[in-house]
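For reference, the structure is listed below as structure tokens.
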Amino acid sequence: MQQSAVPELAHTHTRPIHWVATATAVAGVVALSSVLQPNPATAAQAAGPQSQKAPATTAAPNPAHVDFPIDCGPVKALVVKKATGDLDGDDRPETVAVVHCDAPMGTPPDGVYVLTQAADAKKPRVVATLIDPKDRITVKSLALTDGTVLADTLGYSSDSVPSCCPDVKTSAKWQWKNGTFLRTTPAGAQSV
């Protein structure tokens, strides 16, 4: 076998400094990608065939600017889901927000709140509580369709059921009728 006249290249042997340099470069890329985010989507939804109203010209209330009626003690309230649309037929959008305390462990119960903002108001306000956190409910999904709020929830059949293990799955919907939100349950509660 013929020996190469060129000594072995230094970069063909990995050393700890190579791994440190690679890890540093990867950490830099990850950190940079968390700072640089794409712009929010700007596509508009097409109006349905039965829609006769002009679209709302005001922005939906931003839940980040609301003081929710939830007691979180030393931690903050966290908006985990939201949906927007016109719930009361006034051509102004409302926001429905699912909020719970930013607890370090476990799954804290959710509250579901309806937000509105008057044209001359600086901040939105809570106008209705659809689910109170005291009810120990977790909202798995939230949607707003044709002026109806839809939610799939997990709850408990009794106070003796441990908080770790909800045993009742329910679907609920709310509609604005005669100045209040009326709740109906499309299907019966199911055991989990």
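Ordering of the structure tokens sets the chain letters (A, B, ...); residue numbers start at 1 within each chain; ligands are numbered from 1 in the order shown.
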
Any idea what's packed within 10 Å of range 151-156 of chain A, counting only C-alpha atoms, ignoring anything in its chain fewer than 2 positions away? Could you give it as a PDB file with N, CA and C atoms, in the first residue's frame?
ATOM      1  N   PRO A 109     -58.144  24.683  35.855  1.00  0.00           N
ATOM      2  CA  PRO A 109     -59.430  24.784  35.167  1.00  0.00           C
ATOM      3  C   PRO A 109     -59.500  26.039  34.299  1.00  0.00           C
ATOM      4  N   ASP A 110     -60.317  25.966  33.264  1.00  0.00           N
ATOM      5  CA  ASP A 110     -60.467  27.074  32.320  1.00  0.00           C
ATOM      6  C   ASP A 110     -61.681  27.925  32.655  1.00  0.00           C
ATOM      7  N   VAL A 112     -64.182  30.640  30.343  1.00  0.00           N
ATOM      8  CA  VAL A 112     -64.485  31.071  28.974  1.00  0.00           C
ATOM      9  C   VAL A 112     -65.230  32.392  29.073  1.00  0.00           C
ATOM     10  N   ASP A 135     -65.966  25.851  38.115  1.00  0.00           N
ATOM     11  CA  ASP A 135     -66.661  24.640  37.679  1.00  0.00           C
ATOM     12  C   ASP A 135     -65.718  23.483  37.368  1.00  0.00           C
ATOM     13  N   ARG A 136     -64.388  23.716  37.448  1.00  0.00           N
ATOM     14  CA  ARG A 136     -63.358  22.691  37.209  1.00  0.00           C
ATOM     15  C   ARG A 136     -63.472  22.059  35.815  1.00  0.00           C
ATOM     16  N   ILE A 137     -63.631  22.885  34.790  1.00  0.00           N
ATOM     17  CA  ILE A 137     -63.787  22.411  33.415  1.00  0.00           C
ATOM     18  C   ILE A 137     -62.512  22.732  32.637  1.00  0.00           C
ATOM     19  N   THR A 138     -62.118  21.822  31.751  1.00  0.00           N
ATOM     20  CA  THR A 138     -61.022  22.056  30.818  1.00  0.00           C
ATOM     21  C   THR A 138     -61.610  22.099  29.418  1.00  0.00           C
ATOM     22  N   VAL A 139     -61.315  23.151  28.667  1.00  0.00           N
ATOM     23  CA  VAL A 139     -61.829  23.303  27.305  1.00  0.00           C
ATOM     24  C   VAL A 139     -60.832  22.678  26.342  1.00  0.00           C
ATOM     25  N   LYS A 140     -61.275  21.646  25.618  1.00  0.00           N
ATOM     26  CA  LYS A 140     -60.402  20.953  24.661  1.00  0.00           C
ATOM     27  C   LYS A 140     -60.425  21.619  23.292  1.00  0.00           C
ATOM     28  N   SER A 141     -61.568  22.170  22.881  1.00  0.00           N
ATOM     29  CA  SER A 141     -61.645  22.855  21.588  1.00  0.00           C
ATOM     30  C   SER A 141     -62.653  23.990  21.694  1.00  0.00           C
ATOM     31  N   LEU A 142     -62.425  25.028  20.862  1.00  0.00           N
ATOM     32  CA  LEU A 142     -63.288  26.194  20.852  1.00  0.00           C
ATOM     33  C   LEU A 142     -63.443  26.640  19.409  1.00  0.00           C
ATOM     34  N   ALA A 143     -64.676  26.953  19.014  1.00  0.00           N
ATOM     35  CA  ALA A 143     -64.938  27.454  17.656  1.00  0.00           C
ATOM     36  C   ALA A 143     -66.092  28.444  17.729  1.00  0.00           C
ATOM     37  N   LEU A 144     -66.129  29.322  16.755  1.00  0.00           N
ATOM     38  CA  LEU A 144     -67.212  30.290  16.651  1.00  0.00           C
ATOM     39  C   LEU A 144     -67.718  30.221  15.214  1.00  0.00           C
ATOM     40  N   THR A 148     -72.483  31.371  16.818  1.00  0.00           N
ATOM     41  CA  THR A 148     -72.611  30.361  17.866  1.00  0.00           C
ATOM     42  C   THR A 148     -71.230  29.985  18.371  1.00  0.00           C
ATOM     43  N   VAL A 149     -71.079  29.937  19.694  1.00  0.00           N
ATOM     44  CA  VAL A 149     -69.834  29.491  20.316  1.00  0.00           C
ATOM     45  C   VAL A 149     -69.964  27.998  20.575  1.00  0.00           C
ATOM     46  N   SER A 158     -68.217  14.197  39.882  1.00  0.00           N
ATOM     47  CA  SER A 158     -68.429  14.582  41.286  1.00  0.00           C
ATOM     48  C   SER A 158     -67.160  15.229  41.825  1.00  0.00           C
ATOM     49  N   ASP A 159     -67.278  15.836  43.000  1.00  0.00           N
ATOM     50  CA  ASP A 159     -66.119  16.463  43.636  1.00  0.00           C
ATOM     51  C   ASP A 159     -65.095  15.438  44.105  1.00  0.00           C
ATOM     52  N   SER A 160     -65.483  14.181  44.221  1.00  0.00           N
ATOM     53  CA  SER A 160     -64.559  13.155  44.695  1.00  0.00           C
ATOM     54  C   SER A 160     -63.620  12.646  43.595  1.00  0.00           C
ATOM     55  N   VAL A 161     -63.890  13.010  42.326  1.00  0.00           N
ATOM     56  CA  VAL A 161     -63.014  12.591  41.233  1.00  0.00           C
ATOM     57  C   VAL A 161     -61.751  13.451  41.295  1.00  0.00           C
ATOM     58  N   PRO A 162     -60.551  12.829  41.301  1.00  0.00           N
ATOM     59  CA  PRO A 162     -59.313  13.605  41.395  1.00  0.00           C
ATOM     60  C   PRO A 162     -59.136  14.547  40.197  1.00  0.00           C
ATOM     61  N   SER A 163     -58.496  15.685  40.448  1.00  0.00           N
ATOM     62  CA  SER A 163     -58.294  16.693  39.402  1.00  0.00           C
ATOM     63  C   SER A 163     -57.458  16.173  38.243  1.00  0.00           C
ATOM     64  N   CYS A 165     -57.852  13.431  36.694  1.00  0.00           N
ATOM     65  CA  CYS A 165     -58.523  12.432  35.875  1.00  0.00           C
ATOM     66  C   CYS A 165     -59.976  12.800  35.559  1.00  0.00           C
ATOM     67  N   PRO A 166     -60.217  13.790  34.675  1.00  0.00           N
ATOM     68  CA  PRO A 166     -61.610  14.118  34.339  1.00  0.00           C
ATOM     69  C   PRO A 166     -62.306  12.895  33.758  1.00  0.00           C
ATOM     70  N   ASP A 167     -63.580  12.734  34.116  1.00  0.00           N
ATOM     71  CA  ASP A 167     -64.295  11.531  33.690  1.00  0.00           C
ATOM     72  C   ASP A 167     -65.555  11.826  32.872  1.00  0.00           C
ATOM     73  N   VAL A 168     -65.796  13.101  32.510  1.00  0.00           N
ATOM     74  CA  VAL A 168     -66.971  13.452  31.721  1.00  0.00           C
ATOM     75  C   VAL A 168     -66.556  14.343  30.553  1.00  0.00           C
ATOM     76  N   LYS A 169     -66.971  13.948  29.351  1.00  0.00           N
ATOM     77  CA  LYS A 169     -66.713  14.741  28.144  1.00  0.00           C
ATOM     78  C   LYS A 169     -68.049  15.312  27.675  1.00  0.00           C
ATOM     79  N   THR A 170     -68.073  16.642  27.427  1.00  0.00           N
ATOM     80  CA  THR A 170     -69.314  17.301  27.043  1.00  0.00           C
ATOM     81  C   THR A 170     -69.060  18.263  25.889  1.00  0.00           C
ATOM     82  N   SER A 171     -70.043  18.393  25.026  1.00  0.00           N
ATOM     83  CA  SER A 171     -70.036  19.439  23.995  1.00  0.00           C
ATOM     84  C   SER A 171     -71.110  20.440  24.381  1.00  0.00           C
ATOM     85  N   ALA A 172     -70.802  21.710  24.177  1.00  0.00           N
ATOM     86  CA  ALA A 172     -71.781  22.750  24.521  1.00  0.00           C
ATOM     87  C   ALA A 172     -71.762  23.826  23.459  1.00  0.00           C
ATOM     88  N   LYS A 173     -72.885  24.535  23.349  1.00  0.00           N
ATOM     89  CA  LYS A 173     -72.932  25.683  22.445  1.00  0.00           C
ATOM     90  C   LYS A 173     -73.725  26.792  23.109  1.00  0.00           C
ATOM     91  N   TRP A 174     -73.313  28.022  22.779  1.00  0.00           N
ATOM     92  CA  TRP A 174     -73.967  29.208  23.321  1.00  0.00           C
ATOM     93  C   TRP A 174     -74.380  30.096  22.160  1.00  0.00           C
ATOM     94  N   THR A 185     -76.714  21.844  25.014  1.00  0.00           N
ATOM     95  CA  THR A 185     -75.763  20.741  24.885  1.00  0.00           C
ATOM     96  C   THR A 185     -76.214  19.908  23.690  1.00  0.00           C
ATOM     97  N   ALA A 189     -73.743  14.142  27.766  1.00  0.00           N
ATOM     98  CA  ALA A 189     -72.418  13.980  28.339  1.00  0.00           C
ATOM     99  C   ALA A 189     -71.976  12.536  28.182  1.00  0.00           C
ATOM    100  N   GLN A 190     -70.700  12.354  27.953  1.00  0.00           N
ATOM    101  CA  GLN A 190     -70.156  11.020  27.774  1.00  0.00           C
ATOM    102  C   GLN A 190     -69.072  10.788  28.805  1.00  0.00           C
ATOM    103  N   SER A 191     -68.984   9.569  29.308  1.00  0.00           N
ATOM    104  CA  SER A 191     -67.880   9.233  30.231  1.00  0.00           C
ATOM    105  C   SER A 191     -66.615   9.119  29.420  1.00  0.00           C
ATOM    106  N   VAL A 192     -65.525   9.527  30.025  1.00  0.00           N
ATOM    107  CA  VAL A 192     -64.231   9.478  29.341  1.00  0.00           C
ATOM    108  C   VAL A 192     -63.608   8.123  29.559  1.00  0.00           C
TER     109      VAL A 192
END

**OP:** Write out as an MDAnalysis selection string each polymer residue whose atoms come within 9 Å of Leu115 in chain A, counting only C-alpha atoms; drop sequence neighbours fewer than 6 positions from it.
**Re:** chainID A and resid 60:63 66 94:97 124:128

**OP:** Write down as a VMD selection string the residues belonging to range 77-190 of chain A that are assigned strand (DSSP E or B) by DSSP computed on the backbone.
**Re:** chain A and resid 77 to 85 94 to 101 111 to 116 125 to 131 138 to 145 148 to 155 168 to 177 180 to 184 190

Take the residues from that selection and write them out as a PDB file, in the first residue's frame, keeping C-alpha atoms.
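Final output, part04.pdb:
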ATOM      1  CA  ALA A  77     -53.830  34.582  33.700  1.00  0.00           C
ATOM      2  CA  LEU A  78     -52.996  32.950  30.383  1.00  0.00           C
ATOM      3  CA  VAL A  79     -55.186  33.057  27.233  1.00  0.00           C
ATOM      4  CA  VAL A  80     -54.917  29.544  25.753  1.00  0.00           C
ATOM      5  CA  LYS A  81     -57.570  29.675  23.014  1.00  0.00           C
ATOM      6  CA  LYS A  82     -59.575  32.384  21.301  1.00  0.00           C
ATOM      7  CA  ALA A  83     -62.111  32.802  18.519  1.00  0.00           C
ATOM      8  CA  THR A  84     -63.625  35.939  17.029  1.00  0.00           C
ATOM      9  CA  GLY A  85     -66.832  36.799  15.210  1.00  0.00           C
ATOM     10  CA  GLU A  94     -66.559  39.909  19.718  1.00  0.00           C
ATOM     11  CA  THR A  95     -63.760  37.675  21.015  1.00  0.00           C
ATOM     12  CA  VAL A  96     -64.312  34.501  23.017  1.00  0.00           C
ATOM     13  CA  ALA A  97     -61.263  33.671  25.146  1.00  0.00           C
ATOM     14  CA  VAL A  98     -60.363  30.519  27.075  1.00  0.00           C
ATOM     15  CA  VAL A  99     -58.254  31.543  30.063  1.00  0.00           C
ATOM     16  CA  HIS A 100     -56.583  29.703  32.922  1.00  0.00           C
ATOM     17  CA  CYS A 101     -53.914  30.430  35.506  1.00  0.00           C
ATOM     18  CA  GLY A 111     -62.732  30.079  32.216  1.00  0.00           C
ATOM     19  CA  VAL A 112     -64.485  31.071  28.974  1.00  0.00           C
ATOM     20  CA  TYR A 113     -65.187  34.775  28.546  1.00  0.00           C
ATOM     21  CA  VAL A 114     -66.866  36.918  25.880  1.00  0.00           C
ATOM     22  CA  LEU A 115     -65.108  40.226  25.177  1.00  0.00           C
ATOM     23  CA  THR A 116     -66.380  43.321  23.435  1.00  0.00           C
ATOM     24  CA  ARG A 125     -64.082  44.370  28.551  1.00  0.00           C
ATOM     25  CA  VAL A 126     -65.601  41.062  29.638  1.00  0.00           C
ATOM     26  CA  VAL A 127     -69.364  41.058  29.005  1.00  0.00           C
ATOM     27  CA  ALA A 128     -70.151  37.410  29.773  1.00  0.00           C
ATOM     28  CA  THR A 129     -68.685  34.364  31.505  1.00  0.00           C
ATOM     29  CA  LEU A 130     -69.673  31.200  29.657  1.00  0.00           C
ATOM     30  CA  ILE A 131     -67.656  28.808  31.862  1.00  0.00           C
ATOM     31  CA  THR A 138     -61.022  22.056  30.818  1.00  0.00           C
ATOM     32  CA  VAL A 139     -61.829  23.303  27.305  1.00  0.00           C
ATOM     33  CA  LYS A 140     -60.402  20.953  24.661  1.00  0.00           C
ATOM     34  CA  SER A 141     -61.645  22.855  21.588  1.00  0.00           C
ATOM     35  CA  LEU A 142     -63.288  26.194  20.852  1.00  0.00           C
ATOM     36  CA  ALA A 143     -64.938  27.454  17.656  1.00  0.00           C
ATOM     37  CA  LEU A 144     -67.212  30.290  16.651  1.00  0.00           C
ATOM     38  CA  THR A 145     -69.545  29.622  13.712  1.00  0.00           C
ATOM     39  CA  THR A 148     -72.611  30.361  17.866  1.00  0.00           C
ATOM     40  CA  VAL A 149     -69.834  29.491  20.316  1.00  0.00           C
ATOM     41  CA  LEU A 150     -68.986  25.769  20.291  1.00  0.00           C
ATOM     42  CA  ALA A 151     -66.790  24.029  22.864  1.00  0.00           C
ATOM     43  CA  ASP A 152     -65.764  20.494  23.730  1.00  0.00           C
ATOM     44  CA  THR A 153     -64.951  20.160  27.423  1.00  0.00           C
ATOM     45  CA  LEU A 154     -63.680  17.716  30.015  1.00  0.00           C
ATOM     46  CA  GLY A 155     -65.063  17.767  33.542  1.00  0.00           C
ATOM     47  CA  VAL A 168     -66.971  13.452  31.721  1.00  0.00           C
ATOM     48  CA  LYS A 169     -66.713  14.741  28.144  1.00  0.00           C
ATOM     49  CA  THR A 170     -69.314  17.301  27.043  1.00  0.00           C
ATOM     50  CA  SER A 171     -70.036  19.439  23.995  1.00  0.00           C
ATOM     51  CA  ALA A 172     -71.781  22.750  24.521  1.00  0.00           C
ATOM     52  CA  LYS A 173     -72.932  25.683  22.445  1.00  0.00           C
ATOM     53  CA  TRP A 174     -73.967  29.208  23.321  1.00  0.00           C
ATOM     54  CA  GLN A 175     -76.078  31.631  21.274  1.00  0.00           C
ATOM     55  CA  TRP A 176     -77.042  35.239  21.967  1.00  0.00           C
ATOM     56  CA  LYS A 177     -80.827  35.380  22.392  1.00  0.00           C
ATOM     57  CA  THR A 180     -78.228  36.790  27.114  1.00  0.00           C
ATOM     58  CA  PHE A 181     -76.137  33.795  26.079  1.00  0.00           C
ATOM     59  CA  LEU A 182     -78.234  30.617  26.117  1.00  0.00           C
ATOM     60  CA  ARG A 183     -76.345  27.357  26.578  1.00  0.00           C
ATOM     61  CA  THR A 184     -77.440  24.126  24.986  1.00  0.00           C
ATOM     62  CA  GLN A 190     -70.156  11.020  27.774  1.00  0.00           C
TER      63      GLN A 190
END

**OP:** Report the distance between CA of Pro69 in chain A and CA of Asp146 in chain A in Å, rounded to one decimal place.
**Re:**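 It comes out at 26.9 Å.
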
What lies within 10 Å of Lys122 in chain A using only C-alpha atoms, ignoring chain neighbours under 4 positions off, as an mmCIF file with C-alpha atoms, in the first residue's frame?
data_model
loop_
_atom_site.group_PDB
_atom_site.id
_atom_site.type_symbol
_atom_site.label_atom_id
_atom_site.label_comp_id
_atom_site.auth_asym_id
_atom_site.auth_seq_id
_atom_site.Cartn_x
_atom_site.Cartn_y
_atom_site.Cartn_z
ATOM 1 C CA HIS A 65 -55.540 43.950 27.084
ATOM 2 C CA GLN A 117 -64.996 46.783 22.846
ATOM 3 C CA ALA A 118 -66.997 49.941 22.241
#

Original post:
From the set A:Gly147, A:Asp120, A:Lys134, A:Pro108, which residue has the shortest atom-to-atom contact distance to Val75 in chain A, counting only C-alpha atoms?
Top reply: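 Closest to Val75 in chain A, using only C-alpha atoms: A:Pro108.
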